[in-house]
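Quick notes on the structure that follows.
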Amino acid sequence: MVSSNAYAYLARLGLSILPVFVFLFGLEFLDSYKLVTLRRILTAVLAGIGVAGICFFINTLGFEIMPLTGRWYPIIGAPVIEELLKAAYITYLIRTSRVGFMVDAAIQGFAVGAGFALLENIIYLQAFHDNSLLLWTVRGFGTAMMHGGTTAIFGIVATSLLGRSTSHRWRVYLPGVAIAIVIHSLYNQALLPPLESTVAILIGLPIILSLIFLESEKSMQKWMGAKLDKDMELMQMIATGHLAETKAGRYLRSLTNTFPPELVGDMLCLLQISLELSAIAKGDLMRREAGFPSPPDPSLPDKFKEMAFLEKSIGRAGKLALNPLLPRSSRDLWEVYMLSRENKSASLPAN
């Protein structure tokens, strides 16, 4: 038979970790485009668990040897270390084009925080044999949600700034991590009593993330509509042989003064196949939003192989020359990653 102590332990564990995971999968439900798969959520949770393990050893040493000990270390040291390390995984996802919009940044950021809270609360359960359900309710509905929320906010801010920038320079990540550190530090200072802090998080976080989801989906729809119209118009010009009459055609023709004609021909082929892949990706997103299945396109592996061949053929200088016609924003690269992810036999072309 299970002892009463075991039941008490399970109750404390459930209160300390279940709320954050219920909220996490609630965020996934709100994602009408289904940008983040269950596998990617679980991977982010595992990353958060790994970060929590690293932070446990760093913070243990920090309390022992750093000058910021006592009550100051949880206010200054721990928030900086924990938020920087949690943000590192989301930064990796953004820089490798695995995140394209605020919605998927928020979901994966919250998943990292959920994984972090899971291991942290298990460690605390082993260290503190406090049977007070109030303590573990606060840790579950307050501290765990804070960890998820700060990393989600970092991902949202970084993705938003990156959407307005043409590069992945580190300055686009600084505001988000600074906000996360400040929120974490203020929470650790216990400016409000524990129950009031928990209630504030439970009310404020869903409202903030819901508004961000709505704004992100509006941004996504606007981007898809404008980009799809432009891509389809250019594809039609190429298909009907009228590209030469356009500004894009005149620019391509001007490149023959610098590159051999056959290389300019490869550039035109790369432009066409890139436009086709972009249109396929947007069609896939529209089907997802409408609730229809989106089976893998059997032609994609060959298209990716051809794209990789053409990119290698025209070289770095050719790709730079093609940038005015084929800009590779973070969202354009995300499209390519999304398609390649869903067609495992396809290889991701170089950025």
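So you can find residues: chains in the structure tokens are A, B, ... in the order shown, residues in each start at 1, and ligands are numbered from 1 in order.
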Item to check | Expected answer as a count of residues only: helix (DSSP H, G or I) residues in segment 90-281 of chain A | outcome: 163
Who sits within 12 Å of Glu306 of chain A, only C-alpha atoms, same chain under 2 positions skipped, as a PDB file with C-alpha atoms, in the first residue's frame:
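See selection.pdb below for the written result:
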```
ATOM      1  CA  ASP A 266      21.225  29.641 -62.481  1.00  0.00           C
ATOM      2  CA  CYS A 269      16.342  29.201 -61.590  1.00  0.00           C
ATOM      3  CA  LEU A 270      17.163  29.740 -57.909  1.00  0.00           C
ATOM      4  CA  LEU A 271      14.772  32.689 -57.795  1.00  0.00           C
ATOM      5  CA  GLN A 272      11.993  30.591 -59.328  1.00  0.00           C
ATOM      6  CA  ILE A 273      12.425  27.581 -57.048  1.00  0.00           C
ATOM      7  CA  SER A 274      12.656  29.823 -53.977  1.00  0.00           C
ATOM      8  CA  LEU A 277       8.896  26.879 -51.984  1.00  0.00           C
ATOM      9  CA  SER A 299       8.188  17.097 -54.898  1.00  0.00           C
ATOM     10  CA  LEU A 300       9.907  18.912 -52.025  1.00  0.00           C
ATOM     11  CA  PRO A 301      12.994  16.684 -51.631  1.00  0.00           C
ATOM     12  CA  ASP A 302      13.915  17.220 -55.295  1.00  0.00           C
ATOM     13  CA  LYS A 303      13.284  20.960 -54.989  1.00  0.00           C
ATOM     14  CA  PHE A 304      15.579  21.207 -51.975  1.00  0.00           C
ATOM     15  CA  ALA A 308      21.268  23.327 -52.760  1.00  0.00           C
ATOM     16  CA  PHE A 309      22.905  22.631 -56.147  1.00  0.00           C
ATOM     17  CA  LEU A 310      22.028  26.104 -57.484  1.00  0.00           C
ATOM     18  CA  GLU A 311      23.268  27.851 -54.332  1.00  0.00           C
ATOM     19  CA  LYS A 312      26.560  26.011 -54.614  1.00  0.00           C
ATOM     20  CA  SER A 313      26.749  26.824 -58.338  1.00  0.00           C
ATOM     21  CA  ALA A 346      14.920  16.897 -47.767  1.00  0.00           C
ATOM     22  CA  SER A 347      18.100  18.645 -46.712  1.00  0.00           C
ATOM     23  CA  LEU A 348      18.120  22.210 -45.445  1.00  0.00           C
ATOM     24  CA  PRO A 349      20.020  24.489 -47.832  1.00  0.00           C
TER      25      PRO A 349
END
```
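Comparing the minimum interatomic distances between Val138 of chain A and each of A:Ser16, A:Thr240, A:Ser219, A:Gln108, counting only C-alpha atoms, we find that A:Ser16 sits nearest.
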Using 7 Å as the limit and counting only C-alpha atoms, can you tabulate each residue of segment 77-123 of chain A that touches segment 173-182 of chain A, with its shortest atom-to-atom distance in Å and the two atoms involved, as JSON lines?
```
{"residue": "A:Pro79", "atom": "CA", "partner": "A:Ile181", "partner_atom": "CA", "distance": 5.4}
{"residue": "A:Val80", "atom": "CA", "partner": "A:Ile181", "partner_atom": "CA", "distance": 5.7}
{"residue": "A:Glu83", "atom": "CA", "partner": "A:Ile181", "partner_atom": "CA", "distance": 6.0}
{"residue": "A:Leu84", "atom": "CA", "partner": "A:Val177", "partner_atom": "CA", "distance": 6.7}
{"residue": "A:Ala87", "atom": "CA", "partner": "A:Val177", "partner_atom": "CA", "distance": 6.9}
```
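Residue nearest Phe23 of chain A within the list A:Val45, A:Leu162, A:Leu252, A:Leu205: A:Leu205 [criterion: smallest interatomic distance, only C-alpha atoms].
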Checklist entry - Between A:Ile212, A:Val51, A:Leu134, A:Leu263, which one has atoms that come closest to Ala106 of chain A, using only C-alpha atoms? => result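 The shortest atom-to-atom distance to Ala106 of chain A comes from A:Ile212.
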Next on the checklist: My list of candidates is A:Ile183, A:Ile76, A:Val157, A:Ile94. Which is closest to Ser216 of chain A when distances are computed with only C-alpha atoms?
Outcome noted: A:Val157
Checklist entry - Which is closer to Thr258 of chain A than all the others in A:Ala317, A:Ala281, A:Leu243, A:Leu35, using only C-alpha atoms? => result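 Nearest to Thr258 of chain A: A:Ala317.
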Checklist entry - If you count only C-alpha atoms, which residues fall within 12 Å of Leu46 of chain A, apart from same-chain ones fewer than 2 positions away, as a ChimeraX atom specification? => result /A:39-44,48-53,86,89,108,111-119
Mind dumping the selected residues with N, CA and C atoms as a CSV table (one decimal), in the first residue's frame?
```csv
chain,number,residue,atom,x,y,z
A,39,ARG,N,6.7,17.2,-30.4
A,39,ARG,CA,8.1,16.8,-30.3
A,39,ARG,C,9.0,18.0,-29.9
A,40,ARG,N,8.7,19.2,-30.6
A,40,ARG,CA,9.6,20.4,-30.3
A,40,ARG,C,9.3,20.9,-28.9
A,41,ILE,N,8.0,20.8,-28.5
A,41,ILE,CA,7.7,21.2,-27.1
A,41,ILE,C,8.5,20.4,-26.1
A,42,LEU,N,8.4,19.1,-26.3
A,42,LEU,CA,9.1,18.2,-25.3
A,42,LEU,C,10.6,18.4,-25.4
A,43,THR,N,11.2,18.7,-26.6
A,43,THR,CA,12.6,19.0,-26.7
A,43,THR,C,12.9,20.3,-25.9
A,44,ALA,N,12.1,21.3,-26.0
A,44,ALA,CA,12.3,22.5,-25.2
A,44,ALA,C,12.2,22.3,-23.7
A,48,GLY,N,15.0,22.9,-20.9
A,48,GLY,CA,14.8,23.6,-19.6
A,48,GLY,C,15.3,22.8,-18.4
A,49,ILE,N,15.0,21.5,-18.4
A,49,ILE,CA,15.5,20.6,-17.4
A,49,ILE,C,17.1,20.7,-17.3
A,50,GLY,N,17.7,20.6,-18.5
A,50,GLY,CA,19.2,20.7,-18.5
A,50,GLY,C,19.7,22.0,-18.0
A,51,VAL,N,19.0,23.1,-18.3
A,51,VAL,CA,19.4,24.4,-17.8
A,51,VAL,C,19.3,24.5,-16.3
A,52,ALA,N,18.2,23.9,-15.8
A,52,ALA,CA,18.0,23.9,-14.3
A,52,ALA,C,19.1,23.1,-13.6
A,53,GLY,N,19.5,22.0,-14.2
A,53,GLY,CA,20.6,21.2,-13.6
A,53,GLY,C,21.9,22.0,-13.6
A,86,LYS,N,18.4,30.2,-19.8
A,86,LYS,CA,17.2,29.8,-20.4
A,86,LYS,C,17.0,30.5,-21.8
A,89,TYR,N,18.8,28.8,-25.2
A,89,TYR,CA,18.2,27.8,-26.0
A,89,TYR,C,17.3,28.5,-27.0
A,108,GLN,N,7.7,27.9,-27.2
A,108,GLN,CA,8.9,27.2,-26.9
A,108,GLN,C,9.6,27.8,-25.7
A,111,ALA,N,7.9,26.6,-22.7
A,111,ALA,CA,8.3,25.1,-22.5
A,111,ALA,C,9.6,25.0,-21.8
A,112,VAL,N,10.6,25.9,-22.2
A,112,VAL,CA,11.9,25.8,-21.5
A,112,VAL,C,11.7,26.2,-20.0
A,113,GLY,N,10.9,27.2,-19.7
A,113,GLY,CA,10.6,27.6,-18.4
A,113,GLY,C,9.9,26.5,-17.6
A,114,ALA,N,9.0,25.8,-18.2
A,114,ALA,CA,8.3,24.7,-17.6
A,114,ALA,C,9.3,23.6,-17.2
A,115,GLY,N,10.2,23.2,-18.1
A,115,GLY,CA,11.2,22.2,-17.8
A,115,GLY,C,12.1,22.6,-16.7
A,116,PHE,N,12.5,23.9,-16.7
A,116,PHE,CA,13.3,24.5,-15.6
A,116,PHE,C,12.6,24.3,-14.3
A,117,ALA,N,11.3,24.7,-14.2
A,117,ALA,CA,10.5,24.7,-13.0
A,117,ALA,C,10.3,23.3,-12.5
A,118,LEU,N,10.2,22.3,-13.5
A,118,LEU,CA,10.0,20.9,-13.1
A,118,LEU,C,11.1,20.4,-12.3
A,119,LEU,N,12.4,20.6,-12.8
A,119,LEU,CA,13.5,20.1,-12.0
A,119,LEU,C,13.8,20.9,-10.7
```
